[in-house]
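See below for structure.txt, which holds compact mmCIF, C-alpha atoms and all ligand atoms.
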# COMPACT_ATOMS: atom_id res chain seq x y z
CA MET A 1 -16.18 11.55 -18.44
CA LEU A 2 -14.94 8.06 -17.62
CA SER A 3 -15.71 5.17 -19.93
CA PRO A 4 -17.45 2.26 -18.19
CA LYS A 5 -14.33 0.18 -18.76
CA ILE A 6 -12.05 2.69 -17.00
CA GLU A 7 -14.58 3.23 -14.23
CA THR A 8 -14.70 -0.50 -13.52
CA ALA A 9 -10.91 -0.77 -13.59
CA LEU A 10 -10.52 2.20 -11.21
CA ASN A 11 -13.10 0.70 -8.86
CA GLN A 12 -11.10 -2.53 -8.82
CA GLN A 13 -8.12 -0.47 -7.72
CA VAL A 14 -10.29 1.05 -4.96
CA VAL A 15 -10.79 -2.51 -3.69
CA LEU A 16 -7.07 -3.21 -3.76
CA GLU A 17 -6.15 -0.01 -1.90
CA ALA A 18 -8.87 -0.67 0.70
CA GLU A 19 -7.59 -4.23 1.12
CA SER A 20 -4.04 -2.92 1.51
CA SER A 21 -5.18 -0.58 4.27
CA GLN A 22 -7.06 -3.41 5.99
CA ILE A 23 -4.12 -5.87 5.77
CA TYR A 24 -1.62 -3.34 7.15
CA LEU A 25 -4.06 -2.49 9.92
CA ALA A 26 -4.26 -6.17 10.91
CA MET A 27 -0.46 -6.40 10.82
CA ALA A 28 -0.15 -3.24 12.94
CA SER A 29 -2.50 -4.61 15.56
CA TRP A 30 -0.58 -7.91 15.71
CA ALA A 31 2.74 -6.06 16.05
CA GLU A 32 1.34 -3.90 18.84
CA VAL A 33 0.11 -6.91 20.78
CA GLU A 34 3.51 -8.60 20.31
CA GLY A 35 5.22 -5.54 21.83
CA TYR A 36 6.79 -4.17 18.65
CA GLU A 37 5.94 -0.53 19.16
CA GLY A 38 8.00 0.90 16.29
CA ILE A 39 6.78 -1.68 13.79
CA SER A 40 3.16 -1.20 14.79
CA ASN A 41 3.44 2.61 14.50
CA PHE A 42 4.96 2.21 11.07
CA LEU A 43 2.19 -0.17 9.96
CA PHE A 44 -0.66 1.91 11.42
CA LYS A 45 0.69 4.84 9.44
CA HIS A 46 1.07 2.74 6.32
CA SER A 47 -2.54 1.59 6.70
CA ASP A 48 -3.70 5.23 6.89
CA GLU A 49 -1.76 6.04 3.74
CA GLU A 50 -3.38 3.21 1.83
CA ARG A 51 -6.77 4.53 2.93
CA MET A 52 -5.78 7.90 1.48
CA HIS A 53 -4.84 6.16 -1.79
CA MET A 54 -8.31 4.65 -1.83
CA LEU A 55 -10.02 7.98 -1.09
CA LYS A 56 -8.05 9.74 -3.79
CA LEU A 57 -9.34 7.20 -6.32
CA VAL A 58 -12.94 7.43 -5.09
CA LYS A 59 -12.86 11.24 -5.39
CA PHE A 60 -11.33 11.09 -8.86
CA ILE A 61 -13.92 8.59 -10.10
CA ASN A 62 -16.75 10.77 -8.76
CA GLU A 63 -15.28 13.98 -10.16
CA ARG A 64 -15.04 12.38 -13.59
CA GLY A 65 -18.74 11.50 -13.67
CA GLY A 66 -18.42 7.94 -12.37
CA HIS A 67 -19.33 6.37 -9.05
CA GLY A 68 -16.64 5.29 -6.61
CA ILE A 69 -17.90 2.13 -4.98
CA ILE A 70 -16.89 1.37 -1.37
CA PRO A 71 -16.21 -2.34 -1.18
CA LYS A 72 -16.86 -5.01 1.41
CA LEU A 73 -13.58 -6.38 2.72
CA ALA A 74 -12.43 -9.83 3.77
CA GLN A 75 -10.90 -10.28 7.21
CA PRO A 76 -7.09 -10.32 6.95
CA PRO A 77 -5.04 -12.82 8.98
CA ALA A 78 -4.91 -11.85 12.67
CA LYS A 79 -1.60 -13.58 13.38
CA TYR A 80 1.77 -13.56 11.63
CA LYS A 81 4.69 -15.94 11.90
CA GLY A 82 7.22 -13.25 12.74
CA ILE A 83 8.60 -9.91 11.64
CA LYS A 84 10.46 -11.23 8.63
CA PRO A 85 7.56 -13.17 7.07
CA LEU A 86 5.32 -10.18 7.79
CA PHE A 87 7.54 -7.75 5.89
CA GLN A 88 7.99 -10.28 3.09
CA MET A 89 4.18 -10.19 2.78
CA VAL A 90 4.32 -6.38 2.68
CA LEU A 91 6.90 -6.47 -0.12
CA ASP A 92 4.99 -9.11 -2.10
CA HIS A 93 1.80 -7.13 -1.68
CA GLU A 94 3.37 -3.89 -2.89
CA ILE A 95 4.82 -5.69 -5.93
CA HIS A 96 1.32 -6.96 -6.68
CA VAL A 97 -0.15 -3.44 -6.30
CA SER A 98 2.48 -2.03 -8.67
CA SER A 99 1.64 -4.61 -11.29
CA GLU A 100 -2.07 -3.77 -11.00
CA ILE A 101 -1.31 -0.04 -11.35
CA ASN A 102 0.72 -0.80 -14.46
CA LYS A 103 -2.20 -2.75 -15.92
CA LEU A 104 -4.46 0.23 -15.23
CA VAL A 105 -2.04 2.58 -16.97
CA ASP A 106 -2.02 0.23 -19.93
CA ILE A 107 -5.83 0.17 -20.12
CA CYS A 108 -5.87 4.01 -20.09
CA LEU A 109 -3.46 4.15 -23.02
CA LYS A 110 -5.49 1.62 -24.98
CA GLU A 111 -8.70 3.57 -24.26
CA LYS A 112 -6.95 6.89 -25.02
CA ASP A 113 -7.98 8.25 -21.60
CA TYR A 114 -5.05 10.59 -21.08
CA THR A 115 -6.63 12.39 -18.11
CA THR A 116 -6.79 9.18 -16.07
CA HIS A 117 -3.39 8.19 -17.39
CA ASN A 118 -2.02 11.46 -16.03
CA PHE A 119 -3.80 10.99 -12.69
CA LEU A 120 -2.30 7.51 -12.33
CA GLN A 121 1.28 8.76 -12.64
CA TRP A 122 1.08 9.73 -8.96
CA TYR A 123 0.39 6.07 -8.11
CA VAL A 124 3.24 4.91 -10.35
CA SER A 125 5.75 7.07 -8.43
CA GLU A 126 4.20 6.13 -5.12
CA GLN A 127 4.65 2.43 -5.85
CA ILE A 128 8.30 2.90 -6.81
CA GLU A 129 8.91 4.46 -3.39
CA GLU A 130 6.84 1.93 -1.45
CA GLU A 131 8.50 -1.03 -3.11
CA ALA A 132 11.96 0.46 -2.53
CA LEU A 133 11.19 0.99 1.15
CA ALA A 134 9.83 -2.54 1.59
CA ARG A 135 12.99 -3.92 -0.08
CA LYS A 136 15.20 -1.82 2.18
CA ILE A 137 13.40 -3.19 5.23
CA MET A 138 13.75 -6.79 4.01
CA ASP A 139 17.48 -6.25 3.41
CA LYS A 140 17.86 -5.06 7.00
CA LEU A 141 15.92 -8.04 8.32
CA LYS A 142 18.06 -10.46 6.31
CA LEU A 143 21.17 -8.91 7.90
CA ILE A 144 19.71 -9.19 11.40
CA GLY A 145 18.63 -12.81 10.99
CA ASP A 146 17.32 -14.31 14.25
CA ASP A 147 19.23 -11.99 16.56
CA LYS A 148 16.83 -10.81 19.29
CA ALA A 149 18.83 -7.69 20.11
CA GLY A 150 18.82 -6.93 16.40
CA HIS A 151 15.03 -7.19 16.33
CA TYR A 152 14.84 -4.81 19.28
CA LEU A 153 16.97 -2.25 17.48
CA PHE A 154 15.11 -2.79 14.21
CA ASP A 155 11.83 -2.06 16.00
CA ARG A 156 13.30 1.12 17.44
CA ASP A 157 14.70 2.15 14.04
CA LEU A 158 11.44 1.60 12.24
CA SER A 159 9.81 4.44 14.15
CA SER A 160 12.29 6.77 12.57
CA ILE A 161 12.37 5.33 9.03
CA ALA A 162 10.39 7.62 6.80
CA ALA A 163 6.93 6.19 6.44
CA PRO A 164 6.10 4.72 3.04
CA ALA A 165 6.12 7.11 0.21
CA GLY A 166 4.24 10.27 0.36
CA GLY A 167 3.67 10.33 4.10
CA GLY A 168 3.74 14.08 4.13
CA LYS A 169 3.17 14.76 0.47
CA GLU A 170 0.46 16.86 -1.01
CA GLY A 171 -2.48 15.09 -2.48
CA LYS A 172 -2.50 12.16 -0.10
FE1 LIG A 201 0.97 0.68 -1.49
O1 LIG A 201 -0.62 0.62 -2.39
FE2 LIG A 201 -1.40 2.18 -2.42
O2 LIG A 201 -0.82 2.70 -4.03
How would this structure read if it were set down as structure tokens?
Amino acid sequence: MLSPKIETALNQQVVLEAESSQIYLAMASWAEVEGYEGISNFLFKHSDEERMHMLKLVKFINERGGHGIIPKLAQPPAKYKGIKPLFQMVLDHEIHVSSEINKLVDICLKEKDYTTHNFLQWYVSEQIEEEALARKIMDKLKLIGDDKAGHYLFDRDLSSIAAPAGGGKEGK
């Protein structure tokens, strides 16, 4: 059984995962309209994964006697200044998500909720992978700079880069 404190904290994480999915969906749509096929595929997939992160939390909350609340979401930006600023936003967002997951883990330890603590370890590993991937992408973009041919190749490459953490993993 979840304590009200843990239930509230988990529901806040539901909001964050839902927002992540929504933001990446908006980015994917922008990239598609701009003609970046590889980038948009990558982001559509990333958006789906974030939705799975949200669902996994909702199911866990419900299984533990709580109530997973489906939040109302704000409209994310429709336009982005370019590929590099967009992926910088992805990296910053993932860093933010990791820090929120860490706070959740901390609350579980303080509340002695070891079941939820154990459940959250999946998110801890997931965030390590997602942050590492976002950093790898930013490193590539820094190398490419403003080179248009480089952007073309980057877009092509992104289709083949493994999608963010856990794309084909169990439990997604
Ligand atoms: Fe990348 O945010 Fe989910 O966990």
Could you tell me how far atom O1 of ligand LIG 201 (chain A) lies from CA of Glu17 in chain A, in Å and to one decimal? 5.6 Å
May I ask which of the residues A:Lys56, A:Ile69, A:Val124, A:Ile23 is the closest one to Asn11 in chain A, counting only C-alpha atoms?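 The closest residue to Asn11 in chain A is A:Ile69.
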Which residues are close to range 25-38 of chain A, i.e. within 9 Å by all atoms listed in the file, leaving aside same-chain residues fewer than 5 positions away? Reply as a list in words. Ser20, Leu43, Phe44, Lys45, His46, Ser47, Asp48, Gln75, Pro76, Pro77, Ala78, Lys79, Tyr80, Ile83, Leu86, Tyr152, Phe154, Asp155, Arg156, Asp157, Leu158, Ser159 and Ser160 of chain A
Please provide the set of residues having any atom within 12 Å of Asp106 in chain A, restricted to all atoms listed in the file, with same-chain residues fewer than 3 positions apart removed, written as a PDB file with C-alpha atoms, keeping the file's coordinate frame.
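Contents of result33.pdb, freshly written:
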ATOM      1  CA  ILE A   6     -12.050   2.690 -17.000  1.00  0.00           C
ATOM      2  CA  ALA A   9     -10.910  -0.770 -13.590  1.00  0.00           C
ATOM      3  CA  SER A  99       1.640  -4.610 -11.290  1.00  0.00           C
ATOM      4  CA  GLU A 100      -2.070  -3.770 -11.000  1.00  0.00           C
ATOM      5  CA  ILE A 101      -1.310  -0.040 -11.350  1.00  0.00           C
ATOM      6  CA  ASN A 102       0.720  -0.800 -14.460  1.00  0.00           C
ATOM      7  CA  LYS A 103      -2.200  -2.750 -15.920  1.00  0.00           C
ATOM      8  CA  LEU A 109      -3.460   4.150 -23.020  1.00  0.00           C
ATOM      9  CA  LYS A 110      -5.490   1.620 -24.980  1.00  0.00           C
ATOM     10  CA  GLU A 111      -8.700   3.570 -24.260  1.00  0.00           C
ATOM     11  CA  LYS A 112      -6.950   6.890 -25.020  1.00  0.00           C
ATOM     12  CA  ASP A 113      -7.980   8.250 -21.600  1.00  0.00           C
ATOM     13  CA  TYR A 114      -5.050  10.590 -21.080  1.00  0.00           C
ATOM     14  CA  THR A 116      -6.790   9.180 -16.070  1.00  0.00           C
ATOM     15  CA  HIS A 117      -3.390   8.190 -17.390  1.00  0.00           C
ATOM     16  CA  ASN A 118      -2.020  11.460 -16.030  1.00  0.00           C
ATOM     17  CA  LEU A 120      -2.300   7.510 -12.330  1.00  0.00           C
ATOM     18  CA  GLN A 121       1.280   8.760 -12.640  1.00  0.00           C
ATOM     19  CA  VAL A 124       3.240   4.910 -10.350  1.00  0.00           C
TER      20      VAL A 124
END
Would you write out, as a tab-separated table, a table of all residues in chain A that have an atom no more than 12 Å from an atom of ligand LIG 201 (chain A), listing for each the closest atom pair and the distance in Å to one decimal, considering only C-alpha atoms and all ligand atoms and ordering rows by chain and rising residue number?
residue	atom	partner	partner_atom	distance
A:Gln13	CA	A:LIG201	O2	8.8
A:Val14	CA	A:LIG201	FE2	9.3
A:Val15	CA	A:LIG201	FE2	10.6
A:Leu16	CA	A:LIG201	O1	7.6
A:Glu17	CA	A:LIG201	FE2	5.3
A:Ala18	CA	A:LIG201	FE2	8.6
A:Glu19	CA	A:LIG201	O1	9.2
A:Ser20	CA	A:LIG201	O1	6.3
A:Ser21	CA	A:LIG201	O1	8.2
A:Gln22	CA	A:LIG201	O1	11.3
A:Ile23	CA	A:LIG201	O1	11.0
A:Tyr24	CA	A:LIG201	FE1	9.9
A:Leu43	CA	A:LIG201	FE1	11.5
A:Lys45	CA	A:LIG201	FE1	11.7
A:His46	CA	A:LIG201	FE1	8.1
A:Ser47	CA	A:LIG201	FE1	9.0
A:Asp48	CA	A:LIG201	FE2	10.1
A:Glu49	CA	A:LIG201	FE2	7.3
A:Glu50	CA	A:LIG201	FE2	4.8
A:Arg51	CA	A:LIG201	FE2	7.9
A:Met52	CA	A:LIG201	FE2	8.2
A:His53	CA	A:LIG201	FE2	5.3
A:Met54	CA	A:LIG201	FE2	7.4
A:Leu55	CA	A:LIG201	FE2	10.5
A:Lys56	CA	A:LIG201	O2	10.1
A:Leu57	CA	A:LIG201	O2	9.9
A:Val90	CA	A:LIG201	FE1	8.9
A:Leu91	CA	A:LIG201	FE1	9.4
A:Asp92	CA	A:LIG201	FE1	10.6
A:His93	CA	A:LIG201	FE1	7.9
A:Glu94	CA	A:LIG201	FE1	5.3
A:Ile95	CA	A:LIG201	FE1	8.7
A:His96	CA	A:LIG201	O1	8.9
A:Val97	CA	A:LIG201	O1	5.7
A:Ser98	CA	A:LIG201	O2	7.4
A:Ser99	CA	A:LIG201	O1	10.6
A:Glu100	CA	A:LIG201	O2	9.6
A:Ile101	CA	A:LIG201	O2	7.8
A:Asn102	CA	A:LIG201	O2	11.1
A:Leu120	CA	A:LIG201	O2	9.7
A:Gln121	CA	A:LIG201	O2	10.7
A:Trp122	CA	A:LIG201	O2	8.8
A:Tyr123	CA	A:LIG201	O2	5.4
A:Val124	CA	A:LIG201	O2	7.8
A:Ser125	CA	A:LIG201	O2	9.0
A:Glu126	CA	A:LIG201	O2	6.2
A:Gln127	CA	A:LIG201	O2	5.8
A:Ile128	CA	A:LIG201	FE1	9.3
A:Glu129	CA	A:LIG201	FE1	9.0
A:Glu130	CA	A:LIG201	FE1	6.0
A:Glu131	CA	A:LIG201	FE1	7.9
A:Ala132	CA	A:LIG201	FE1	11.0
A:Leu133	CA	A:LIG201	FE1	10.6
A:Ala134	CA	A:LIG201	FE1	9.9
A:Ala163	CA	A:LIG201	FE1	11.3
A:Pro164	CA	A:LIG201	FE1	7.9
A:Ala165	CA	A:LIG201	FE1	8.4
A:Gly166	CA	A:LIG201	O2	10.1
A:Gly167	CA	A:LIG201	FE1	11.5
A:Lys172	CA	A:LIG201	FE2	10.3
Just-selected residues, C-alpha atoms written as a PDB file, in the frame of the given file:
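Output saved as selection.pdb:
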ATOM      1  CA  GLN A  13      -8.120  -0.470  -7.720  1.00  0.00           C
ATOM      2  CA  VAL A  14     -10.290   1.050  -4.960  1.00  0.00           C
ATOM      3  CA  VAL A  15     -10.790  -2.510  -3.690  1.00  0.00           C
ATOM      4  CA  LEU A  16      -7.070  -3.210  -3.760  1.00  0.00           C
ATOM      5  CA  GLU A  17      -6.150  -0.010  -1.900  1.00  0.00           C
ATOM      6  CA  ALA A  18      -8.870  -0.670   0.700  1.00  0.00           C
ATOM      7  CA  GLU A  19      -7.590  -4.230   1.120  1.00  0.00           C
ATOM      8  CA  SER A  20      -4.040  -2.920   1.510  1.00  0.00           C
ATOM      9  CA  SER A  21      -5.180  -0.580   4.270  1.00  0.00           C
ATOM     10  CA  GLN A  22      -7.060  -3.410   5.990  1.00  0.00           C
ATOM     11  CA  ILE A  23      -4.120  -5.870   5.770  1.00  0.00           C
ATOM     12  CA  TYR A  24      -1.620  -3.340   7.150  1.00  0.00           C
ATOM     13  CA  LEU A  43       2.190  -0.170   9.960  1.00  0.00           C
ATOM     14  CA  LYS A  45       0.690   4.840   9.440  1.00  0.00           C
ATOM     15  CA  HIS A  46       1.070   2.740   6.320  1.00  0.00           C
ATOM     16  CA  SER A  47      -2.540   1.590   6.700  1.00  0.00           C
ATOM     17  CA  ASP A  48      -3.700   5.230   6.890  1.00  0.00           C
ATOM     18  CA  GLU A  49      -1.760   6.040   3.740  1.00  0.00           C
ATOM     19  CA  GLU A  50      -3.380   3.210   1.830  1.00  0.00           C
ATOM     20  CA  ARG A  51      -6.770   4.530   2.930  1.00  0.00           C
ATOM     21  CA  MET A  52      -5.780   7.900   1.480  1.00  0.00           C
ATOM     22  CA  HIS A  53      -4.840   6.160  -1.790  1.00  0.00           C
ATOM     23  CA  MET A  54      -8.310   4.650  -1.830  1.00  0.00           C
ATOM     24  CA  LEU A  55     -10.020   7.980  -1.090  1.00  0.00           C
ATOM     25  CA  LYS A  56      -8.050   9.740  -3.790  1.00  0.00           C
ATOM     26  CA  LEU A  57      -9.340   7.200  -6.320  1.00  0.00           C
ATOM     27  CA  VAL A  90       4.320  -6.380   2.680  1.00  0.00           C
ATOM     28  CA  LEU A  91       6.900  -6.470  -0.120  1.00  0.00           C
ATOM     29  CA  ASP A  92       4.990  -9.110  -2.100  1.00  0.00           C
ATOM     30  CA  HIS A  93       1.800  -7.130  -1.680  1.00  0.00           C
ATOM     31  CA  GLU A  94       3.370  -3.890  -2.890  1.00  0.00           C
ATOM     32  CA  ILE A  95       4.820  -5.690  -5.930  1.00  0.00           C
ATOM     33  CA  HIS A  96       1.320  -6.960  -6.680  1.00  0.00           C
ATOM     34  CA  VAL A  97      -0.150  -3.440  -6.300  1.00  0.00           C
ATOM     35  CA  SER A  98       2.480  -2.030  -8.670  1.00  0.00           C
ATOM     36  CA  SER A  99       1.640  -4.610 -11.290  1.00  0.00           C
ATOM     37  CA  GLU A 100      -2.070  -3.770 -11.000  1.00  0.00           C
ATOM     38  CA  ILE A 101      -1.310  -0.040 -11.350  1.00  0.00           C
ATOM     39  CA  ASN A 102       0.720  -0.800 -14.460  1.00  0.00           C
ATOM     40  CA  LEU A 120      -2.300   7.510 -12.330  1.00  0.00           C
ATOM     41  CA  GLN A 121       1.280   8.760 -12.640  1.00  0.00           C
ATOM     42  CA  TRP A 122       1.080   9.730  -8.960  1.00  0.00           C
ATOM     43  CA  TYR A 123       0.390   6.070  -8.110  1.00  0.00           C
ATOM     44  CA  VAL A 124       3.240   4.910 -10.350  1.00  0.00           C
ATOM     45  CA  SER A 125       5.750   7.070  -8.430  1.00  0.00           C
ATOM     46  CA  GLU A 126       4.200   6.130  -5.120  1.00  0.00           C
ATOM     47  CA  GLN A 127       4.650   2.430  -5.850  1.00  0.00           C
ATOM     48  CA  ILE A 128       8.300   2.900  -6.810  1.00  0.00           C
ATOM     49  CA  GLU A 129       8.910   4.460  -3.390  1.00  0.00           C
ATOM     50  CA  GLU A 130       6.840   1.930  -1.450  1.00  0.00           C
ATOM     51  CA  GLU A 131       8.500  -1.030  -3.110  1.00  0.00           C
ATOM     52  CA  ALA A 132      11.960   0.460  -2.530  1.00  0.00           C
ATOM     53  CA  LEU A 133      11.190   0.990   1.150  1.00  0.00           C
ATOM     54  CA  ALA A 134       9.830  -2.540   1.590  1.00  0.00           C
ATOM     55  CA  ALA A 163       6.930   6.190   6.440  1.00  0.00           C
ATOM     56  CA  PRO A 164       6.100   4.720   3.040  1.00  0.00           C
ATOM     57  CA  ALA A 165       6.120   7.110   0.210  1.00  0.00           C
ATOM     58  CA  GLY A 166       4.240  10.270   0.360  1.00  0.00           C
ATOM     59  CA  GLY A 167       3.670  10.330   4.100  1.00  0.00           C
ATOM     60  CA  LYS A 172      -2.500  12.160  -0.100  1.00  0.00           C
TER      61      LYS A 172
END
Work out how far apart CA of Met89 in chain A and CA of Phe60 in chain A are and give it in Å to one decimal.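 Distance reported for this atom pair: 28.8 Å.
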My structure is short of atoms at range 19-29 of chain A; please model all heavy atoms there, returning them as a compact mmCIF listing (two decimals), keeping the file's coordinate frame.
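Below is the file part20.txt, written as the result:
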# COMPACT_ATOMS: atom_id res chain seq x y z
N GLU A 19 -8.13 -2.98 0.56
CA GLU A 19 -7.59 -4.23 1.12
C GLU A 19 -6.21 -4.01 1.71
O GLU A 19 -5.87 -4.55 2.76
CB GLU A 19 -7.50 -5.30 0.02
CG GLU A 19 -8.81 -5.99 -0.25
CD GLU A 19 -8.73 -6.93 -1.46
OE1 GLU A 19 -7.68 -6.96 -2.15
OE2 GLU A 19 -9.72 -7.62 -1.71
N SER A 20 -5.39 -3.20 1.02
CA SER A 20 -4.04 -2.92 1.51
C SER A 20 -4.14 -2.26 2.89
O SER A 20 -3.43 -2.65 3.83
CB SER A 20 -3.29 -1.95 0.58
OG SER A 20 -3.27 -2.45 -0.74
N SER A 21 -5.02 -1.29 3.00
CA SER A 21 -5.18 -0.58 4.27
C SER A 21 -5.60 -1.56 5.37
O SER A 21 -5.08 -1.54 6.48
CB SER A 21 -6.22 0.52 4.11
OG SER A 21 -6.43 1.15 5.33
N GLN A 22 -6.52 -2.44 5.03
CA GLN A 22 -7.06 -3.41 5.99
C GLN A 22 -5.97 -4.41 6.42
O GLN A 22 -5.84 -4.73 7.60
CB GLN A 22 -8.23 -4.14 5.30
CG GLN A 22 -9.02 -5.04 6.19
CD GLN A 22 -10.12 -4.27 6.89
OE1 GLN A 22 -10.02 -3.05 7.10
NE2 GLN A 22 -11.17 -4.96 7.26
N ILE A 23 -5.19 -4.90 5.46
CA ILE A 23 -4.12 -5.87 5.77
C ILE A 23 -3.08 -5.23 6.68
O ILE A 23 -2.66 -5.81 7.69
CB ILE A 23 -3.46 -6.38 4.46
CG1 ILE A 23 -4.45 -7.24 3.67
CG2 ILE A 23 -2.19 -7.17 4.75
CD1 ILE A 23 -4.02 -7.50 2.23
N TYR A 24 -2.66 -3.99 6.34
CA TYR A 24 -1.62 -3.34 7.15
C TYR A 24 -2.15 -3.00 8.54
O TYR A 24 -1.40 -2.99 9.51
CB TYR A 24 -1.07 -2.10 6.43
CG TYR A 24 -0.37 -2.44 5.13
CD1 TYR A 24 -0.40 -1.59 4.03
CD2 TYR A 24 0.33 -3.65 5.00
CE1 TYR A 24 0.24 -1.92 2.84
CE2 TYR A 24 0.96 -3.98 3.81
CZ TYR A 24 0.91 -3.12 2.73
OH TYR A 24 1.54 -3.45 1.56
N LEU A 25 -3.45 -2.75 8.62
CA LEU A 25 -4.06 -2.49 9.92
C LEU A 25 -4.01 -3.75 10.79
O LEU A 25 -3.67 -3.70 11.98
CB LEU A 25 -5.50 -2.02 9.71
CG LEU A 25 -6.27 -1.48 10.91
CD1 LEU A 25 -5.55 -0.31 11.55
CD2 LEU A 25 -7.67 -1.03 10.47
N ALA A 26 -4.32 -4.89 10.18
CA ALA A 26 -4.26 -6.17 10.91
C ALA A 26 -2.82 -6.46 11.36
O ALA A 26 -2.59 -6.91 12.48
CB ALA A 26 -4.79 -7.30 10.03
N MET A 27 -1.87 -6.18 10.48
CA MET A 27 -0.46 -6.40 10.82
C MET A 27 -0.04 -5.47 11.97
O MET A 27 0.68 -5.88 12.88
CB MET A 27 0.43 -6.12 9.60
CG MET A 27 0.32 -7.15 8.50
SD MET A 27 1.32 -6.64 7.09
CE MET A 27 1.31 -8.15 6.11
N ALA A 28 -0.50 -4.23 11.91
CA ALA A 28 -0.15 -3.24 12.94
C ALA A 28 -0.67 -3.69 14.30
O ALA A 28 0.03 -3.59 15.32
CB ALA A 28 -0.74 -1.88 12.57
N SER A 29 -1.90 -4.19 14.30
CA SER A 29 -2.50 -4.61 15.56
C SER A 29 -1.74 -5.81 16.13
O SER A 29 -1.45 -5.86 17.34
CB SER A 29 -3.97 -4.96 15.32
OG SER A 29 -4.56 -5.36 16.52
